[in-house]
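File shown here: structure_10.txt, holding compact mmCIF, C-alpha atoms and all ligand atoms.
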# COMPACT_ATOMS: atom_id res chain seq x y z
CA MET A 24 25.66 4.83 17.35
CA ASN A 25 24.83 6.65 14.12
CA THR A 26 22.38 5.64 11.37
CA ARG A 27 25.02 3.96 9.20
CA GLU A 28 26.35 1.89 12.12
CA LEU A 29 22.84 0.76 13.07
CA GLN A 30 22.08 -0.17 9.45
CA ASP A 31 25.30 -2.23 9.28
CA LEU A 32 24.34 -4.02 12.49
CA ILE A 33 20.84 -4.81 11.15
CA ILE A 34 22.28 -6.18 7.89
CA LYS A 35 24.77 -8.37 9.79
CA GLU A 36 22.14 -9.67 12.24
CA LYS A 37 19.47 -10.36 9.60
CA LYS A 38 21.91 -12.48 7.59
CA GLU A 39 23.06 -14.45 10.63
CA ARG A 40 19.48 -15.04 11.81
CA ASP A 41 17.96 -15.82 8.37
CA VAL A 42 15.52 -12.91 8.49
CA CYS A 43 13.88 -11.18 5.52
CA ILE A 44 12.91 -7.50 5.85
CA LEU A 45 10.03 -6.17 3.74
CA ALA A 46 9.56 -2.42 3.52
CA HIS A 47 6.52 -0.70 2.04
CA ALA A 48 7.09 2.24 -0.30
CA TYR A 49 5.96 4.66 2.44
CA GLN A 50 8.79 3.68 4.79
CA SER A 51 11.67 6.11 5.12
CA HIS A 52 14.80 5.74 3.02
CA ASP A 53 17.01 4.61 5.94
CA ILE A 54 14.68 1.60 6.35
CA TRP A 55 14.67 0.92 2.61
CA GLU A 56 18.45 0.61 2.73
CA VAL A 57 18.30 -2.43 5.05
CA ALA A 58 15.31 -4.13 3.36
CA ASP A 59 15.41 -7.25 1.18
CA PHE A 60 12.33 -6.15 -0.75
CA VAL A 61 10.67 -2.76 -1.12
CA GLY A 62 7.45 -2.16 -2.99
CA ASP A 63 3.73 -1.51 -3.07
CA SER A 64 1.28 -3.70 -1.19
CA TYR A 65 0.81 -6.06 -4.15
CA GLY A 66 4.55 -6.50 -4.71
CA LEU A 67 5.24 -7.16 -1.03
CA ALA A 68 2.45 -9.73 -0.73
CA VAL A 69 3.83 -11.68 -3.68
CA LYS A 70 7.51 -11.38 -2.70
CA ALA A 71 6.94 -12.52 0.86
CA ALA A 72 5.60 -15.86 -0.28
CA SER A 73 8.70 -16.61 -2.35
CA ALA A 74 11.28 -15.40 0.19
CA PRO A 75 13.45 -18.32 1.36
CA GLN A 76 13.87 -17.01 4.94
CA LYS A 77 11.82 -18.49 7.81
CA THR A 78 11.25 -15.14 9.51
CA VAL A 79 9.81 -12.07 7.82
CA ILE A 80 9.76 -8.59 9.33
CA MET A 81 7.20 -6.14 7.98
CA ALA A 82 8.09 -2.47 7.97
CA GLY A 83 4.62 -1.26 7.09
CA VAL A 84 1.18 -1.51 8.68
CA ARG A 85 -0.75 -4.34 10.32
CA PHE A 86 -2.92 -5.48 7.38
CA MET A 87 0.26 -5.96 5.31
CA SER A 88 1.75 -8.31 7.91
CA GLU A 89 -1.56 -10.22 8.09
CA THR A 90 -1.44 -10.71 4.31
CA VAL A 91 2.13 -11.99 4.56
CA LYS A 92 1.11 -14.41 7.34
CA THR A 93 -1.82 -15.69 5.24
CA LEU A 94 0.42 -16.31 2.25
CA SER A 95 3.22 -17.81 4.35
CA PRO A 96 1.59 -19.47 7.38
CA ASP A 97 4.72 -21.47 8.21
CA LYS A 98 6.84 -18.35 8.50
CA LYS A 99 7.27 -16.27 11.61
CA VAL A 100 5.89 -12.85 10.65
CA ILE A 101 6.78 -9.85 12.79
CA LEU A 102 5.18 -6.41 12.53
CA ALA A 103 8.11 -4.15 13.40
CA ASN A 104 5.99 -1.55 15.19
CA PRO A 105 2.78 -3.04 16.68
CA MET A 106 1.10 0.39 16.81
CA ALA A 107 1.30 0.86 13.04
CA GLY A 108 -2.17 0.19 11.66
CA CYS A 109 -3.98 1.52 8.62
CA PRO A 110 -7.08 3.51 9.70
CA MET A 111 -8.84 2.52 6.47
CA ALA A 112 -8.40 -1.18 7.28
CA ILE A 113 -10.59 -0.85 10.38
CA GLN A 114 -13.38 1.22 8.79
CA MET A 115 -15.32 -1.93 8.01
CA ASP A 116 -15.46 -5.34 9.70
CA HIS A 117 -16.51 -8.84 8.71
CA ASP A 118 -20.13 -8.47 9.94
CA ALA A 119 -20.60 -5.17 8.09
CA VAL A 120 -19.59 -6.96 4.86
CA LEU A 121 -22.14 -9.72 5.46
CA LYS A 122 -24.83 -7.07 6.01
CA LEU A 123 -23.90 -5.25 2.77
CA GLN A 124 -23.92 -8.54 0.87
CA ALA A 125 -27.39 -9.37 2.19
CA GLU A 126 -28.58 -5.95 1.02
CA ASN A 127 -26.97 -6.39 -2.43
CA PRO A 128 -27.65 -9.90 -3.74
CA GLY A 129 -26.06 -10.72 -7.09
CA TYR A 130 -23.01 -8.53 -6.48
CA THR A 131 -19.42 -9.81 -6.41
CA THR A 132 -17.65 -8.42 -3.35
CA VAL A 133 -14.26 -6.91 -4.17
CA ALA A 134 -12.14 -5.67 -1.27
CA TYR A 135 -9.09 -3.47 -1.31
CA ILE A 136 -6.08 -5.19 0.28
CA ASN A 137 -6.18 -2.44 2.97
CA THR A 138 -8.61 -4.54 5.07
CA THR A 139 -8.26 -6.98 7.96
CA ALA A 140 -7.67 -10.71 7.40
CA SER A 141 -10.99 -11.35 9.15
CA LEU A 142 -12.87 -9.13 6.64
CA LYS A 143 -11.11 -10.84 3.74
CA THR A 144 -12.72 -14.17 4.70
CA ALA A 145 -16.12 -12.77 3.63
CA VAL A 146 -15.21 -11.43 0.17
CA ASP A 147 -14.74 -12.83 -3.34
CA ILE A 148 -11.60 -11.08 -4.57
CA ILE A 149 -8.89 -8.83 -3.15
CA VAL A 150 -7.36 -6.07 -5.25
CA THR A 151 -4.60 -3.49 -4.81
CA SER A 152 -4.25 -0.09 -6.43
CA SER A 153 -1.81 -1.52 -8.98
CA SER A 154 -3.89 -4.59 -9.84
CA ALA A 155 -7.57 -3.57 -9.49
CA VAL A 156 -8.32 -2.55 -13.09
CA LYS A 157 -6.57 -5.57 -14.60
CA ILE A 158 -8.24 -8.02 -12.22
CA LEU A 159 -11.76 -6.67 -12.64
CA LYS A 160 -11.33 -6.54 -16.42
CA ASN A 161 -10.42 -10.25 -16.31
CA ILE A 162 -13.56 -11.44 -14.54
CA PRO A 163 -16.98 -11.82 -16.21
CA ASP A 164 -18.86 -10.53 -13.14
CA LYS A 165 -20.75 -7.34 -13.99
CA ASN A 166 -22.08 -6.20 -10.61
CA ILE A 167 -19.29 -5.19 -8.24
CA LEU A 168 -19.59 -4.24 -4.58
CA PHE A 169 -16.31 -2.39 -4.03
CA ILE A 170 -15.14 -1.92 -0.41
CA PRO A 171 -13.98 0.06 1.52
CA ASP A 172 -12.28 2.87 -0.48
CA CYS A 173 -14.84 4.70 -2.64
CA ASN A 174 -12.14 6.92 -4.20
CA LEU A 175 -10.11 3.99 -5.47
CA GLY A 176 -13.42 2.40 -6.49
CA ASP A 177 -14.44 5.50 -8.44
CA TRP A 178 -11.10 5.56 -10.29
CA VAL A 179 -11.43 1.86 -11.18
CA ALA A 180 -15.09 2.22 -12.21
CA LYS A 181 -14.27 5.09 -14.62
CA GLN A 182 -11.95 2.71 -16.50
CA LEU A 183 -14.53 -0.10 -16.62
CA PRO A 184 -17.75 1.55 -17.81
CA GLU A 185 -19.14 -1.85 -18.81
CA LYS A 186 -19.46 -2.82 -15.11
CA ASN A 187 -21.96 -1.77 -12.51
CA PHE A 188 -20.31 -0.61 -9.24
CA LYS A 189 -21.63 0.01 -5.74
CA PHE A 190 -19.39 1.66 -3.14
CA PHE A 191 -19.02 1.99 0.61
CA LYS A 192 -18.10 5.38 2.10
CA GLY A 193 -14.57 4.49 3.23
CA GLY A 194 -11.23 5.99 2.37
CA CYS A 195 -7.72 6.95 3.38
CA PRO A 196 -7.52 9.91 5.79
CA THR A 197 -4.03 10.79 4.53
CA HIS A 198 -4.92 10.98 0.84
CA LEU A 199 -8.23 12.73 1.59
CA ARG A 200 -6.27 15.66 3.02
CA MET A 201 -5.01 16.53 -0.50
CA THR A 202 -7.36 19.00 -2.19
CA VAL A 203 -8.00 20.73 -5.50
CA LYS A 204 -6.75 23.93 -3.83
CA ASP A 205 -3.41 22.19 -3.25
CA VAL A 206 -3.32 21.23 -6.94
CA GLU A 207 -3.98 24.84 -7.99
CA ALA A 208 -1.32 26.20 -5.63
CA GLN A 209 1.36 23.71 -6.68
CA ARG A 210 0.57 24.06 -10.41
CA LYS A 211 0.88 27.86 -10.03
CA ASP A 212 4.28 27.52 -8.31
CA HIS A 213 5.55 24.79 -10.67
CA PRO A 214 3.85 25.25 -14.04
CA ASP A 215 6.13 22.77 -15.85
CA ALA A 216 5.68 19.94 -13.34
CA LEU A 217 3.58 16.84 -14.02
CA LEU A 218 1.05 15.85 -11.33
CA LEU A 219 1.29 12.19 -10.24
CA VAL A 220 -1.25 10.98 -7.68
CA HIS A 221 -2.42 7.84 -5.89
CA PRO A 222 -5.99 6.65 -6.66
CA GLU A 223 -6.88 6.96 -2.95
CA CYS A 224 -7.07 10.75 -3.55
CA HIS A 225 -10.47 12.42 -3.99
CA PRO A 226 -11.81 12.08 -7.59
CA ASP A 227 -11.60 15.88 -8.04
CA VAL A 228 -7.83 15.61 -7.43
CA THR A 229 -7.29 12.49 -9.58
CA ALA A 230 -9.21 14.18 -12.40
CA GLN A 231 -6.44 16.82 -12.57
CA ALA A 232 -3.54 14.35 -12.64
CA ASP A 233 -1.20 13.53 -15.49
CA TYR A 234 -0.74 10.05 -14.05
CA VAL A 235 -2.68 8.03 -11.45
CA GLY A 236 -1.15 4.88 -9.99
CA SER A 237 0.11 2.86 -7.07
CA THR A 238 3.09 3.92 -4.98
CA THR A 239 5.56 2.01 -7.14
CA GLY A 240 3.61 3.00 -10.28
CA ILE A 241 4.19 6.66 -9.43
CA MET A 242 7.89 6.04 -8.82
CA LYS A 243 8.35 4.13 -12.07
CA TYR A 244 6.52 6.79 -14.06
CA ALA A 245 8.68 9.61 -12.62
CA GLU A 246 11.92 7.69 -13.10
CA GLU A 247 11.16 6.82 -16.74
CA SER A 248 9.62 10.16 -17.74
CA ASP A 249 11.51 12.75 -19.79
CA ALA A 250 9.90 15.48 -17.69
CA ARG A 251 12.15 17.19 -15.11
CA GLU A 252 9.65 18.26 -12.44
CA PHE A 253 6.84 16.43 -10.65
CA ILE A 254 4.19 17.22 -8.07
CA ILE A 255 3.61 14.07 -6.00
CA GLY A 256 0.15 13.40 -4.56
CA THR A 257 0.83 10.57 -2.17
CA GLU A 258 2.72 9.91 1.07
CA SER A 259 5.82 12.07 1.58
CA SER A 260 8.33 9.17 1.58
CA ILE A 261 7.78 8.73 -2.16
CA VAL A 262 9.30 12.18 -2.70
CA GLN A 263 12.28 11.18 -0.55
CA HIS A 264 12.88 7.93 -2.52
CA LEU A 265 12.50 9.73 -5.85
CA GLN A 266 15.03 12.37 -4.85
CA PHE A 267 17.56 9.57 -4.22
CA ALA A 268 16.63 7.75 -7.45
CA CYS A 269 16.67 10.86 -9.67
CA PRO A 270 18.79 13.60 -8.05
CA ASP A 271 18.72 15.60 -11.32
CA LYS A 272 14.89 15.88 -11.27
CA LYS A 273 12.72 18.01 -8.98
CA PHE A 274 9.91 16.62 -6.82
CA TYR A 275 7.34 18.69 -4.93
CA LEU A 276 4.86 17.34 -2.39
CA LEU A 277 1.25 18.14 -3.35
CA SER A 278 0.51 19.11 0.26
CA LYS A 279 2.43 19.25 3.51
CA GLU A 280 -0.41 17.15 4.91
CA CYS A 281 0.71 14.13 2.82
CA VAL A 282 2.04 12.24 5.83
CA CYS A 283 0.73 8.85 6.98
CA HIS A 284 1.55 8.88 10.67
CA ASN A 285 1.02 5.14 10.93
CA MET A 286 3.57 4.44 8.21
CA LYS A 287 5.96 6.85 9.89
CA MET A 288 5.82 5.05 13.28
CA THR A 289 8.35 2.40 12.36
CA THR A 290 11.97 3.31 13.04
CA LEU A 291 15.32 1.66 12.33
CA VAL A 292 15.52 0.82 16.04
CA ASP A 293 12.18 -1.05 15.74
CA ILE A 294 13.66 -3.01 12.85
CA TYR A 295 16.82 -3.81 14.83
CA ASN A 296 14.84 -4.97 17.87
CA SER A 297 12.56 -7.11 15.69
CA VAL A 298 15.55 -8.73 13.96
CA ILE A 299 17.23 -9.70 17.24
CA GLY A 300 13.95 -10.98 18.72
CA ASN A 301 13.58 -8.17 21.22
CA GLY A 302 10.64 -6.26 19.78
CA GLY A 303 7.84 -6.06 17.26
CA GLU A 304 4.76 -8.27 17.42
CA GLU A 305 4.51 -11.77 16.06
CA ILE A 306 1.36 -11.93 13.91
CA THR A 307 -0.83 -14.95 14.51
CA LEU A 308 -4.15 -15.69 12.82
CA PRO A 309 -6.71 -18.44 13.51
CA GLU A 310 -6.40 -21.33 11.05
CA ASP A 311 -9.87 -20.76 9.55
CA VAL A 312 -9.07 -17.08 8.96
CA ILE A 313 -5.89 -18.07 7.10
CA THR A 314 -7.73 -20.69 5.02
CA ASN A 315 -10.66 -18.44 4.12
CA SER A 316 -8.76 -15.19 3.55
CA LEU A 317 -6.28 -17.03 1.32
CA LYS A 318 -9.00 -17.75 -1.27
CA PRO A 319 -9.67 -14.12 -2.35
CA ILE A 320 -5.95 -13.28 -2.01
CA ASN A 321 -5.02 -16.17 -4.31
CA ARG A 322 -7.61 -15.01 -6.83
CA MET A 323 -5.86 -11.62 -6.77
CA ILE A 324 -2.51 -13.26 -7.50
CA GLU A 325 -3.94 -15.54 -10.22
CA LEU A 326 -5.78 -12.71 -11.98
CA GLY A 327 -3.23 -9.96 -11.28
CA GLY A 328 -0.25 -11.83 -12.69
P1 LIG A 401 -0.02 0.74 -2.60
O1 LIG A 401 -0.79 -0.47 -2.90
O2 LIG A 401 0.06 1.69 -3.75
O3 LIG A 401 1.31 0.39 -2.03
O4 LIG A 401 -0.80 1.58 -1.50
C1 LIG A 401 -0.92 1.13 -0.19
C2 LIG A 401 -1.38 2.19 0.66
O5 LIG A 401 -1.60 2.02 1.83
C3 LIG A 401 -1.62 3.48 0.02
O6 LIG A 401 -2.05 4.39 0.92
FE1 LIG A 402 -3.70 3.45 5.30
FE2 LIG A 402 -3.77 5.76 4.01
FE3 LIG A 402 -1.70 5.20 5.56
FE4 LIG A 402 -2.08 3.91 3.24
S1 LIG A 402 -1.63 6.08 3.52
S2 LIG A 402 -1.52 2.98 5.20
S3 LIG A 402 -4.32 3.77 3.18
S4 LIG A 402 -3.82 5.48 6.21
Written as structure tokens, how would this file's structure read?
Amino acid sequence: MNTRELQDLIIKEKKERDVCILAHAYQSHDIWEVADFVGDSYGLAVKAASAPQKTVIMAGVRFMSETVKTLSPDKKVILANPMAGCPMAIQMDHDAVLKLQAENPGYTTVAYINTTASLKTAVDIIVTSSSAVKILKNIPDKNILFIPDCNLGDWVAKQLPEKNFKFFKGGCPTHLRMTVKDVEAQRKDHPDALLLVHPECHPDVTAQADYVGSTTGIMKYAEESDAREFIIGTESSIVQHLQFACPDKKFYLLSKECVCHNMKMTTLVDIYNSVIGNGGEEITLPEDVITNSLKPINRMIELGG
């Protein structure tokens, strides 16, 4: 069977079985072509809740499927490849948050969505890269304990100088592999290209960028820009999707290290097996975890629009 035949089979089976497929922006293009929704972590979280299907398959990483389960507890949520987890999401657990909170009274705890459902039960608000600045601007709270990604936190804090931020030393191992040396090398090779990066990159890299934004923010910017060439500082799949979306523009990866191996674990065969009920992992969460992690997630949706 070739790729096209497998995609056709997935599309036929998902319709017959009333299954919705969500694919994160870092999934490969062959997976995007069979998905009902593609997007950044904020977009997927919101879309999943409104999807009419009873079963949702997540082509992404574990924390994303936990968020979908929290927002849609009556749905059957399947993580297409059970090994796909975000290393950042396990850098900090629930008890570590409680300890930080005890050490920092008077601070509002804001967690990146790249965290476990269990951790989310201990925090005040969840944010994503595309919603963090807007959400924090909309709340009166001045003292913010931002966990776990200090690079995203630094980027947000620079745009909200009126607030007082404290950070935890967490971050994304994929984005941290992109360096200022990579920026210099790519700018030298492509002097007319704009540099577009994700806020999980090191602040020295984001400081050099022409645009900083979420995965879909980067794609939208490149698609709408009059510029013809772009250096992309995020996971490699974004370059692949942009090449399909804008074949007349040129896209260069900031570094050959821009690969998230967890995001790359999921294959079309995993999706097929999950659709026919022969693979993937059904995500279950204790009722109290759903109830208590829903509160900060709902605040994100209310404040993020
Ligand atoms: P987005 O919220 O931009 O989709 O990012 C998720 C992620 O895991 C980035 O590394
Ligand atoms: Fe996690 Fe980084 Fe991979 Fe995103 S790119 S899923 S933050 S490891």
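Taking only C-alpha atoms into account, His284 in chain A lies nearest to A:Met106 out of the set A:Ala112, A:Leu159, A:Met106, A:Leu183.
Taking only C-alpha atoms and all ligand atoms into account, ligand LIG 402 (chain A) lies nearest to A:Met111 out of the set A:Ala125, A:Ala208, A:Val42, A:Met111.
Once only C-alpha atoms and all ligand atoms are used for the distance check, the residues close to ligand LIG 402 (chain A) at 7 Å turn out to be Val84, Cys109, Pro110, Met111, Ala112, Asn137, Cys195, Pro196, Thr197, His198, Glu258, Cys283, Asn285 and Met286 of chain A.
For the pair CA of Ala71 in chain A and CA of Asn174 in chain A, the separation is 27.7 Å.
In this structure, CA of Met87 in chain A sits 10.9 Å away from CA of Gly66 in chain A.
The binding environment of ligand LIG 401 (chain A), defined as every protein, DNA or RNA residue with an atom no more than 7 Å away and counting all atoms listed in the file, comprises His47, Ala48, Gly62, Asp63, Ser64, Tyr65, Asn137, Thr151, Ser152, Ser153, Cys195, His221, Glu223, Ser237, Thr238 and Thr239 of chain A.
CA of Ala68 in chain A is found 12.8 Å from CA of Glu325 in chain A.
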(request) Fewer than 6 positions away in the same chain doesn't count, so skip those; otherwise give me all residues within 6 Å of Leu218 in chain A, counting only C-alpha atoms, as JSON, numbers by chain. (result) {"A": [232, 233, 253, 254]}
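Distance annotation: of A:Ser316, A:Thr257, A:Thr307, A:Asn321, the residue with the minimal separation from Val146 in chain A is A:Ser316; atom set is all atoms listed in the file.
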